[in-house]
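Source file: entry-v8.txt (compact mmCIF, N, CA and C atoms)
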# COMPACT_ATOMS: atom_id res chain seq x y z
N MET U 513 93.01 55.31 117.63
CA MET U 513 92.20 56.15 118.48
C MET U 513 92.85 57.52 118.70
N LYS U 514 94.17 57.54 118.92
CA LYS U 514 94.89 58.79 119.12
C LYS U 514 94.80 59.66 117.87
N LYS U 515 94.88 59.00 116.71
CA LYS U 515 94.82 59.72 115.44
C LYS U 515 93.45 60.39 115.28
N PHE U 516 92.39 59.69 115.64
CA PHE U 516 91.04 60.22 115.54
C PHE U 516 90.85 61.44 116.44
N VAL U 517 91.35 61.35 117.67
CA VAL U 517 91.24 62.46 118.62
C VAL U 517 92.03 63.67 118.10
N PHE U 518 93.21 63.41 117.57
CA PHE U 518 94.04 64.49 117.04
C PHE U 518 93.34 65.20 115.88
N ILE U 519 92.81 64.42 114.96
CA ILE U 519 92.12 65.00 113.79
C ILE U 519 90.88 65.78 114.23
N THR U 520 90.16 65.26 115.20
CA THR U 520 88.98 65.96 115.71
C THR U 520 89.36 67.30 116.33
N LEU U 521 90.44 67.32 117.12
CA LEU U 521 90.89 68.56 117.74
C LEU U 521 91.33 69.58 116.71
N VAL U 522 92.05 69.12 115.69
CA VAL U 522 92.48 70.03 114.63
C VAL U 522 91.28 70.62 113.90
N CYS U 523 90.29 69.79 113.61
CA CYS U 523 89.08 70.28 112.93
C CYS U 523 88.33 71.29 113.79
N LEU U 524 88.21 71.03 115.09
CA LEU U 524 87.53 71.97 115.98
C LEU U 524 88.27 73.29 116.06
N CYS U 525 89.59 73.25 116.12
CA CYS U 525 90.37 74.49 116.15
C CYS U 525 90.15 75.29 114.87
N PHE U 526 90.13 74.60 113.74
CA PHE U 526 89.91 75.27 112.46
C PHE U 526 88.52 75.90 112.41
N ILE U 527 87.51 75.16 112.85
CA ILE U 527 86.13 75.67 112.82
C ILE U 527 86.00 76.89 113.70
N PHE U 528 86.55 76.84 114.92
CA PHE U 528 86.44 78.00 115.82
C PHE U 528 87.21 79.19 115.27
N ASN U 529 88.33 78.94 114.63
CA ASN U 529 89.11 80.04 114.05
C ASN U 529 88.35 80.68 112.90
N VAL U 530 87.75 79.87 112.03
CA VAL U 530 87.00 80.39 110.89
C VAL U 530 85.80 81.19 111.36
N PHE U 531 85.03 80.63 112.32
CA PHE U 531 83.86 81.36 112.80
C PHE U 531 84.25 82.57 113.63
N GLY U 532 85.37 82.51 114.31
CA GLY U 532 85.86 83.66 115.06
C GLY U 532 86.20 84.81 114.13
N GLN U 533 86.80 84.51 112.99
CA GLN U 533 87.13 85.55 112.03
C GLN U 533 85.88 86.10 111.35
N ALA U 534 84.87 85.26 111.17
CA ALA U 534 83.67 85.71 110.49
C ALA U 534 82.91 86.75 111.31
N LYS U 535 83.09 86.75 112.63
CA LYS U 535 82.39 87.71 113.49
C LYS U 535 82.98 89.11 113.39
N ILE U 536 84.19 89.23 112.92
CA ILE U 536 84.84 90.54 112.84
C ILE U 536 84.35 91.25 111.58
N LYS U 537 83.66 92.37 111.78
CA LYS U 537 83.14 93.12 110.64
C LYS U 537 83.89 94.43 110.49
N VAL U 538 84.02 94.87 109.27
CA VAL U 538 84.66 96.16 108.99
C VAL U 538 83.60 97.24 109.14
N LEU U 539 83.85 98.19 110.04
CA LEU U 539 82.93 99.31 110.24
C LEU U 539 83.35 100.53 109.44
N LYS U 540 84.65 100.73 109.31
CA LYS U 540 85.17 101.88 108.57
C LYS U 540 86.51 101.48 107.94
N TYR U 541 86.69 101.86 106.70
CA TYR U 541 87.98 101.59 106.06
C TYR U 541 88.45 102.81 105.29
N GLU U 542 89.76 102.91 105.17
CA GLU U 542 90.40 103.98 104.42
C GLU U 542 90.93 103.40 103.11
N VAL U 543 91.00 104.24 102.10
CA VAL U 543 91.55 103.84 100.81
C VAL U 543 92.95 104.45 100.68
N PRO U 544 93.96 103.62 100.40
CA PRO U 544 95.32 104.17 100.28
C PRO U 544 95.48 104.93 98.97
N LYS U 545 96.41 105.87 98.96
CA LYS U 545 96.74 106.56 97.72
C LYS U 545 97.59 105.62 96.87
N PHE U 546 97.35 105.67 95.57
CA PHE U 546 98.13 104.86 94.64
C PHE U 546 99.44 105.61 94.41
N PRO U 547 100.57 105.03 94.78
CA PRO U 547 101.85 105.76 94.65
C PRO U 547 102.12 106.20 93.21
N ALA U 548 102.56 107.44 93.06
CA ALA U 548 102.83 108.00 91.73
C ALA U 548 103.94 107.23 91.01
N VAL U 549 104.94 106.78 91.76
CA VAL U 549 106.03 106.03 91.13
C VAL U 549 105.52 104.69 90.58
N ALA U 550 104.56 104.10 91.24
CA ALA U 550 103.98 102.84 90.75
C ALA U 550 103.14 103.09 89.50
N GLN U 551 102.44 104.22 89.47
CA GLN U 551 101.68 104.56 88.26
C GLN U 551 102.62 104.82 87.09
N ALA U 552 103.70 105.54 87.33
CA ALA U 552 104.63 105.88 86.26
C ALA U 552 105.32 104.65 85.69
N THR U 553 105.59 103.67 86.54
CA THR U 553 106.29 102.46 86.09
C THR U 553 105.32 101.33 85.78
N LEU U 554 104.01 101.61 85.89
CA LEU U 554 102.96 100.62 85.64
C LEU U 554 103.18 99.35 86.47
N THR U 555 103.42 99.53 87.76
CA THR U 555 103.71 98.42 88.67
C THR U 555 102.48 98.07 89.49
N PRO U 556 101.90 96.87 89.28
CA PRO U 556 100.80 96.42 90.15
C PRO U 556 101.36 95.55 91.28
N SER U 557 100.58 95.36 92.32
CA SER U 557 101.01 94.48 93.40
C SER U 557 99.85 94.19 94.34
N GLU U 558 99.94 93.08 95.04
CA GLU U 558 99.02 92.77 96.13
C GLU U 558 99.82 92.78 97.41
N VAL U 559 99.28 93.42 98.43
CA VAL U 559 99.95 93.52 99.72
C VAL U 559 99.03 92.93 100.78
N ASP U 560 99.54 91.94 101.51
CA ASP U 560 98.81 91.39 102.65
C ASP U 560 99.35 92.05 103.90
N VAL U 561 98.45 92.64 104.68
CA VAL U 561 98.83 93.32 105.92
C VAL U 561 98.19 92.59 107.08
N LEU U 562 99.03 92.13 108.01
CA LEU U 562 98.54 91.50 109.23
C LEU U 562 98.30 92.60 110.26
N VAL U 563 97.06 92.69 110.75
CA VAL U 563 96.73 93.71 111.73
C VAL U 563 96.28 93.07 113.03
N LYS U 564 96.65 93.70 114.13
CA LYS U 564 96.17 93.30 115.44
C LYS U 564 95.13 94.32 115.87
N ILE U 565 94.01 93.80 116.36
CA ILE U 565 92.88 94.63 116.73
C ILE U 565 92.63 94.46 118.23
N ASN U 566 92.40 95.57 118.93
CA ASN U 566 92.07 95.47 120.35
C ASN U 566 90.58 95.16 120.51
N LYS U 567 90.13 95.02 121.74
CA LYS U 567 88.74 94.61 121.98
C LYS U 567 87.72 95.66 121.54
N ASP U 568 88.16 96.92 121.36
CA ASP U 568 87.27 97.97 120.90
C ASP U 568 87.17 98.04 119.38
N GLY U 569 87.96 97.26 118.66
CA GLY U 569 87.92 97.24 117.21
C GLY U 569 88.92 98.15 116.54
N LYS U 570 89.80 98.78 117.32
CA LYS U 570 90.81 99.66 116.75
C LYS U 570 92.08 98.87 116.44
N VAL U 571 92.72 99.23 115.35
CA VAL U 571 93.97 98.57 114.96
C VAL U 571 95.10 99.11 115.83
N ILE U 572 95.83 98.18 116.46
CA ILE U 572 96.93 98.60 117.34
C ILE U 572 98.29 98.39 116.68
N SER U 573 98.35 97.51 115.68
CA SER U 573 99.60 97.34 114.93
C SER U 573 99.30 96.76 113.56
N SER U 574 100.19 97.04 112.62
CA SER U 574 100.05 96.50 111.27
C SER U 574 101.43 96.19 110.72
N LYS U 575 101.50 95.11 109.95
CA LYS U 575 102.78 94.68 109.37
C LYS U 575 102.50 94.07 108.01
N ALA U 576 103.12 94.63 106.97
CA ALA U 576 102.96 94.09 105.62
C ALA U 576 103.70 92.76 105.53
N ASP U 577 103.00 91.76 105.03
CA ASP U 577 103.55 90.41 104.95
C ASP U 577 104.25 90.16 103.62
N ASN U 578 103.77 90.78 102.57
CA ASN U 578 104.36 90.59 101.24
C ASN U 578 103.97 91.79 100.36
N GLY U 579 104.40 91.76 99.12
CA GLY U 579 104.04 92.82 98.19
C GLY U 579 105.25 93.65 97.77
N HIS U 580 105.06 94.43 96.73
CA HIS U 580 106.12 95.28 96.19
C HIS U 580 106.45 96.40 97.19
N PRO U 581 107.73 96.76 97.31
CA PRO U 581 108.12 97.82 98.26
C PRO U 581 107.43 99.17 98.03
N PHE U 582 107.01 99.47 96.79
CA PHE U 582 106.30 100.71 96.52
C PHE U 582 105.03 100.82 97.38
N PHE U 583 104.41 99.70 97.67
CA PHE U 583 103.09 99.68 98.27
C PHE U 583 103.06 99.31 99.75
N ARG U 584 104.11 98.70 100.27
CA ARG U 584 104.07 98.13 101.62
C ARG U 584 103.80 99.17 102.71
N LYS U 585 104.54 100.26 102.70
CA LYS U 585 104.40 101.26 103.78
C LYS U 585 103.03 101.93 103.73
N ILE U 586 102.58 102.29 102.54
CA ILE U 586 101.28 102.96 102.42
C ILE U 586 100.15 102.03 102.83
N ALA U 587 100.29 100.73 102.54
CA ALA U 587 99.26 99.77 102.95
C ALA U 587 99.24 99.62 104.48
N GLU U 588 100.41 99.57 105.10
CA GLU U 588 100.48 99.49 106.56
C GLU U 588 99.84 100.71 107.22
N GLU U 589 100.19 101.90 106.73
CA GLU U 589 99.65 103.13 107.30
C GLU U 589 98.14 103.22 107.13
N THR U 590 97.64 102.80 105.99
CA THR U 590 96.21 102.85 105.74
C THR U 590 95.47 101.84 106.61
N ALA U 591 96.03 100.67 106.79
CA ALA U 591 95.38 99.62 107.60
C ALA U 591 95.20 100.06 109.05
N THR U 592 96.09 100.90 109.55
CA THR U 592 95.96 101.35 110.95
C THR U 592 94.76 102.28 111.14
N LYS U 593 94.20 102.80 110.05
CA LYS U 593 93.05 103.70 110.15
C LYS U 593 91.71 102.97 110.05
N TRP U 594 91.74 101.66 109.82
CA TRP U 594 90.51 100.88 109.72
C TRP U 594 89.89 100.71 111.10
N LEU U 595 88.58 100.47 111.14
CA LEU U 595 87.87 100.22 112.38
C LEU U 595 87.01 98.98 112.21
N PHE U 596 87.06 98.09 113.20
CA PHE U 596 86.35 96.82 113.14
C PHE U 596 85.34 96.72 114.28
N SER U 597 84.49 95.72 114.20
CA SER U 597 83.51 95.50 115.26
C SER U 597 84.23 95.14 116.56
N ASP U 598 83.61 95.52 117.67
CA ASP U 598 84.25 95.24 118.96
C ASP U 598 83.90 93.84 119.46
N ASP U 599 84.71 93.35 120.38
CA ASP U 599 84.50 92.05 121.01
C ASP U 599 85.05 92.15 122.42
N LYS U 600 84.16 92.21 123.38
CA LYS U 600 84.57 92.41 124.78
C LYS U 600 85.17 91.14 125.40
N ASN U 601 85.03 89.99 124.73
CA ASN U 601 85.55 88.73 125.29
C ASN U 601 87.03 88.54 125.01
N LEU U 602 87.51 89.08 123.90
CA LEU U 602 88.91 88.89 123.53
C LEU U 602 89.69 90.18 123.70
N GLN U 603 90.90 90.08 124.18
CA GLN U 603 91.75 91.26 124.34
C GLN U 603 92.32 91.71 123.00
N GLU U 604 92.77 90.74 122.18
CA GLU U 604 93.41 91.03 120.90
C GLU U 604 92.97 90.02 119.86
N ARG U 605 92.81 90.50 118.66
CA ARG U 605 92.52 89.62 117.52
C ARG U 605 93.46 89.97 116.39
N GLU U 606 93.71 89.01 115.52
CA GLU U 606 94.60 89.26 114.39
C GLU U 606 93.91 88.80 113.11
N ILE U 607 93.93 89.66 112.09
CA ILE U 607 93.38 89.30 110.79
C ILE U 607 94.32 89.78 109.69
N LYS U 608 94.03 89.35 108.47
CA LYS U 608 94.83 89.75 107.32
C LYS U 608 93.96 90.57 106.37
N ILE U 609 94.44 91.75 106.03
CA ILE U 609 93.78 92.62 105.04
C ILE U 609 94.60 92.55 103.76
N THR U 610 93.92 92.41 102.63
CA THR U 610 94.61 92.38 101.34
C THR U 610 94.29 93.65 100.56
N PHE U 611 95.35 94.36 100.16
CA PHE U 611 95.22 95.52 99.29
C PHE U 611 95.72 95.08 97.91
N ALA U 612 94.84 95.12 96.92
CA ALA U 612 95.21 94.74 95.56
C ALA U 612 95.31 96.00 94.71
N PHE U 613 96.54 96.39 94.38
CA PHE U 613 96.79 97.56 93.54
C PHE U 613 96.90 97.08 92.10
N LYS U 614 95.99 97.54 91.24
CA LYS U 614 95.97 97.11 89.84
C LYS U 614 96.08 98.33 88.93
N ILE U 615 96.55 98.07 87.71
CA ILE U 615 96.70 99.16 86.72
C ILE U 615 96.06 98.72 85.42
N LYS U 616 95.30 99.63 84.82
CA LYS U 616 94.75 99.40 83.49
C LYS U 616 95.20 100.56 82.62
N ASN U 617 96.00 100.25 81.63
CA ASN U 617 96.53 101.26 80.73
C ASN U 617 95.60 101.37 79.53
N ASN U 618 94.96 102.51 79.36
CA ASN U 618 94.03 102.72 78.27
C ASN U 618 94.79 103.35 77.10
N ASN U 619 94.99 102.57 76.06
CA ASN U 619 95.79 103.03 74.92
C ASN U 619 94.96 103.56 73.75
N SER U 620 93.67 103.71 73.93
CA SER U 620 92.87 104.21 72.81
C SER U 620 93.16 105.70 72.60
N GLY U 621 93.18 106.12 71.37
CA GLY U 621 93.52 107.50 71.02
C GLY U 621 92.50 108.52 71.49
N LYS U 622 91.27 108.09 71.76
CA LYS U 622 90.20 109.00 72.16
C LYS U 622 90.43 109.60 73.55
N ASN U 623 91.08 108.85 74.41
CA ASN U 623 91.15 109.25 75.81
C ASN U 623 92.45 109.91 76.21
N ASN U 624 93.25 110.35 75.26
CA ASN U 624 94.49 111.04 75.62
C ASN U 624 94.19 112.30 76.41
N TYR U 625 95.10 112.63 77.29
CA TYR U 625 95.04 113.84 78.09
C TYR U 625 94.00 113.81 79.22
N LYS U 626 93.40 112.68 79.48
CA LYS U 626 92.52 112.57 80.64
C LYS U 626 93.38 112.32 81.87
N PRO U 627 92.98 112.82 83.01
CA PRO U 627 93.75 112.52 84.22
C PRO U 627 93.54 111.07 84.65
N THR U 628 94.49 110.55 85.40
CA THR U 628 94.38 109.19 85.91
C THR U 628 93.18 109.10 86.84
N LYS U 629 92.42 108.04 86.70
CA LYS U 629 91.23 107.83 87.52
C LYS U 629 91.48 106.64 88.44
N ILE U 630 91.17 106.79 89.72
CA ILE U 630 91.33 105.71 90.69
C ILE U 630 89.95 105.18 91.05
N VAL U 631 89.76 103.87 90.91
CA VAL U 631 88.50 103.21 91.22
C VAL U 631 88.77 102.19 92.32
N THR U 632 87.95 102.20 93.37
CA THR U 632 88.15 101.24 94.47
C THR U 632 86.92 100.35 94.60
N LYS U 633 87.19 99.13 95.06
CA LYS U 633 86.12 98.17 95.29
C LYS U 633 86.46 97.38 96.55
N PHE U 634 85.56 97.39 97.51
CA PHE U 634 85.74 96.63 98.74
C PHE U 634 85.06 95.29 98.58
N LYS U 635 85.81 94.22 98.82
CA LYS U 635 85.26 92.86 98.73
C LYS U 635 85.39 92.22 100.10
N LYS U 636 84.29 91.67 100.57
CA LYS U 636 84.29 91.04 101.89
C LYS U 636 85.09 89.76 101.86
N PRO U 637 85.73 89.34 102.93
CA PRO U 637 85.67 90.02 104.21
C PRO U 637 86.68 91.14 104.34
N TYR U 638 87.92 90.98 103.83
CA TYR U 638 88.95 92.00 104.10
C TYR U 638 89.83 92.24 102.88
N ARG U 639 89.24 92.52 101.72
CA ARG U 639 90.01 92.76 100.50
C ARG U 639 89.58 94.09 99.90
N LEU U 640 90.56 94.92 99.60
CA LEU U 640 90.29 96.20 98.96
C LEU U 640 91.07 96.26 97.66
N GLU U 641 90.35 96.45 96.55
CA GLU U 641 90.99 96.55 95.24
C GLU U 641 91.04 98.01 94.81
N ILE U 642 92.23 98.44 94.41
CA ILE U 642 92.46 99.81 93.98
C ILE U 642 92.95 99.75 92.54
N LEU U 643 92.17 100.28 91.62
CA LEU U 643 92.49 100.22 90.20
C LEU U 643 92.82 101.62 89.70
N ALA U 644 93.97 101.77 89.07
CA ALA U 644 94.37 103.05 88.46
C ALA U 644 94.14 102.94 86.95
N LEU U 645 93.23 103.75 86.43
CA LEU U 645 92.98 103.81 84.98
C LEU U 645 93.88 104.90 84.43
N ILE U 646 94.89 104.50 83.70
CA ILE U 646 95.90 105.43 83.22
C ILE U 646 95.70 105.69 81.73
N TYR U 647 95.69 106.98 81.36
CA TYR U 647 95.54 107.39 79.97
C TYR U 647 96.86 107.99 79.49
N PRO U 648 97.36 107.53 78.36
CA PRO U 648 98.63 108.08 77.86
C PRO U 648 98.47 109.54 77.44
N ARG U 649 99.52 110.30 77.62
CA ARG U 649 99.48 111.72 77.27
C ARG U 649 100.51 112.06 76.19
N VAL U 650 100.71 111.14 75.31
CA VAL U 650 101.75 111.32 74.31
C VAL U 650 101.10 111.48 72.94
N ASP U 651 101.48 112.54 72.21
CA ASP U 651 101.05 112.73 70.83
C ASP U 651 102.12 112.20 69.90
N ILE U 652 101.68 111.44 68.93
CA ILE U 652 102.66 110.90 67.98
C ILE U 652 102.44 111.52 66.62
What's the structure tokens form of this structure?
Amino acid sequence: MKKFVFITLVCLCFIFNVFGQAKIKVLKYEVPKFPAVAQATLTPSEVDVLVKINKDGKVISSKADNGHPFFRKIAEETATKWLFSDDKNLQEREIKITFAFKIKNNNSGKNNYKPTKIVTKFKKPYRLEILALIYPRVDI
């Protein structure tokens, strides 16, 4: 009987946590700059940033949880500029934003001398993919 009650409580906590997170909507987001050193070294990375949101939907703190050092600080700074839906019932909420920095090196001879192109894609609920299309500038 104790085991059943425990499992039920754990399931209820999980359900309320999942539905609580689903209510938080992104109203405005910023796109981070792709660091030049990461482009030069062709370094991709995913950075998870834990953000605390006040009841008005503004980010009050951000902390990178993982990811390459090239990207951690810029992801934290960018996450602080995001704006979420408000919730007057809760004082503080915490969510995780994922910034996925990817690189595609285009080695075809036709596209030499083109500038690097940055393409972004926002995926719900809290994932932002930043793709750098890099064209080589070397004549052989």
Could you jot down the atom N of Pro547 in chain U to atom C of Pro648 in chain U separation for me, Å, one decimal place?
->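 Computed distance, atom N of Pro547 in chain U to atom C of Pro648 in chain U, equals 18.0 Å.
CA of Asp577 in chain U sits 19.0 Å away from CA of Lys545 in chain U.
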Which residues, written as a list in words, have at least one atom at most 10 Å from Pro544 in chain U, with only C-alpha atoms counted and residues fewer than 6 positions away on the same chain left out?
-> Phe583, Ile586, Ala587, Glu588, Glu589, Thr590, Ala591, Phe611, Phe613, Thr632, Leu640 and Ile642 of chain U
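Shortest atom-to-atom contact with Lys629 in chain U among U:Arg605, U:Gln551, U:Lys567, U:Leu539: U:Gln551, counting only C-alpha atoms.
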When distances are computed from all atoms listed in the file, which of U:Gly569, U:Ala576, U:Pro581, U:Ala612 shows the smallest separation from Lys600 in chain U?
->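 Nearest to Lys600 in chain U: U:Gly569.
Here CA of Asn617 in chain U stands at a distance of 26.5 Å from CA of Lys636 in chain U.
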Select, from U:Leu602, U:Val538, U:Ala548, U:Ile607, the residue with the minimum atom-to-atom distance to Leu562 in chain U, counting only N, CA and C atoms.
->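 Nearest candidate to Leu562 in chain U out of U:Leu602, U:Val538, U:Ala548, U:Ile607: U:Ile607.
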If you count all atoms listed in the file, which residues fall within 6 Å of Lys564 in chain U, apart from same-chain ones fewer than 6 positions away, as a PyMOL selection string?
-> chain U and resi 570-574+605-607
Radius query 7 Å about (88.8, 90.6, 109.7), atoms used: all atoms listed in the file, as a VMD selection string = chain U and resid 533 to 534 536 to 538 606 to 609 637 to 638
DSSP alpha helix (DSSP H) residues within range 575-604 of chain U, listed as a PyMOL selection string = chain U and resi 581-591
How about saving the chosen residues, N, CA and C atoms kept, as a PDB file, in the frame of the given file?
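What follows is the written file out_22.pdb:
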ATOM      1  N   PRO U 581     107.730  96.760  97.310  1.00  0.00           N
ATOM      2  CA  PRO U 581     108.120  97.820  98.260  1.00  0.00           C
ATOM      3  C   PRO U 581     107.430  99.170  98.030  1.00  0.00           C
ATOM      4  N   PHE U 582     107.010  99.470  96.790  1.00  0.00           N
ATOM      5  CA  PHE U 582     106.300 100.710  96.520  1.00  0.00           C
ATOM      6  C   PHE U 582     105.030 100.820  97.380  1.00  0.00           C
ATOM      7  N   PHE U 583     104.410  99.700  97.670  1.00  0.00           N
ATOM      8  CA  PHE U 583     103.090  99.680  98.270  1.00  0.00           C
ATOM      9  C   PHE U 583     103.060  99.310  99.750  1.00  0.00           C
ATOM     10  N   ARG U 584     104.110  98.700 100.270  1.00  0.00           N
ATOM     11  CA  ARG U 584     104.070  98.130 101.620  1.00  0.00           C
ATOM     12  C   ARG U 584     103.800  99.170 102.710  1.00  0.00           C
ATOM     13  N   LYS U 585     104.540 100.260 102.700  1.00  0.00           N
ATOM     14  CA  LYS U 585     104.400 101.260 103.780  1.00  0.00           C
ATOM     15  C   LYS U 585     103.030 101.930 103.730  1.00  0.00           C
ATOM     16  N   ILE U 586     102.580 102.290 102.540  1.00  0.00           N
ATOM     17  CA  ILE U 586     101.280 102.960 102.420  1.00  0.00           C
ATOM     18  C   ILE U 586     100.150 102.030 102.830  1.00  0.00           C
ATOM     19  N   ALA U 587     100.290 100.730 102.540  1.00  0.00           N
ATOM     20  CA  ALA U 587      99.260  99.770 102.950  1.00  0.00           C
ATOM     21  C   ALA U 587      99.240  99.620 104.480  1.00  0.00           C
ATOM     22  N   GLU U 588     100.410  99.570 105.100  1.00  0.00           N
ATOM     23  CA  GLU U 588     100.480  99.490 106.560  1.00  0.00           C
ATOM     24  C   GLU U 588      99.840 100.710 107.220  1.00  0.00           C
ATOM     25  N   GLU U 589     100.190 101.900 106.730  1.00  0.00           N
ATOM     26  CA  GLU U 589      99.650 103.130 107.300  1.00  0.00           C
ATOM     27  C   GLU U 589      98.140 103.220 107.130  1.00  0.00           C
ATOM     28  N   THR U 590      97.640 102.800 105.990  1.00  0.00           N
ATOM     29  CA  THR U 590      96.210 102.850 105.740  1.00  0.00           C
ATOM     30  C   THR U 590      95.470 101.840 106.610  1.00  0.00           C
ATOM     31  N   ALA U 591      96.030 100.670 106.790  1.00  0.00           N
ATOM     32  CA  ALA U 591      95.380  99.620 107.600  1.00  0.00           C
ATOM     33  C   ALA U 591      95.200 100.060 109.050  1.00  0.00           C
TER      34      ALA U 591
END
From a DSSP calculation on the backbone, collect every residue of range 589-636 of chain U in strand (DSSP E) and output the set as a ChimeraX atom specification.
-> /U:595-596,604-617,629-635
Which of U:Asp598, U:Glu641, U:Glu558, U:Glu604 sits closest to Phe582 in chain U [using only C-alpha atoms] | U:Glu558
So for range 574-585 of chain U, what box centre and size do we get, axis-aligned, 8 Å extra on each of the six sides, every listed atom, Å to one decimal, as JSON?
{"center_x": 104.1, "center_y": 96.0, "center_z": 104.4, "size_x": 24.1, "size_y": 27.8, "size_z": 32.4}
Within 6.5 Å of Ile630 in chain U, counting only N, CA and C atoms, which residues qualify if same-chain residues fewer than 4 places away don't, as a ChimeraX atom specification?
-> /U:642-645
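Closest to Thr610 in chain U among U:Lys635, U:Lys585, U:His580, U:Lys540 is U:Lys635, based on only C-alpha atoms.
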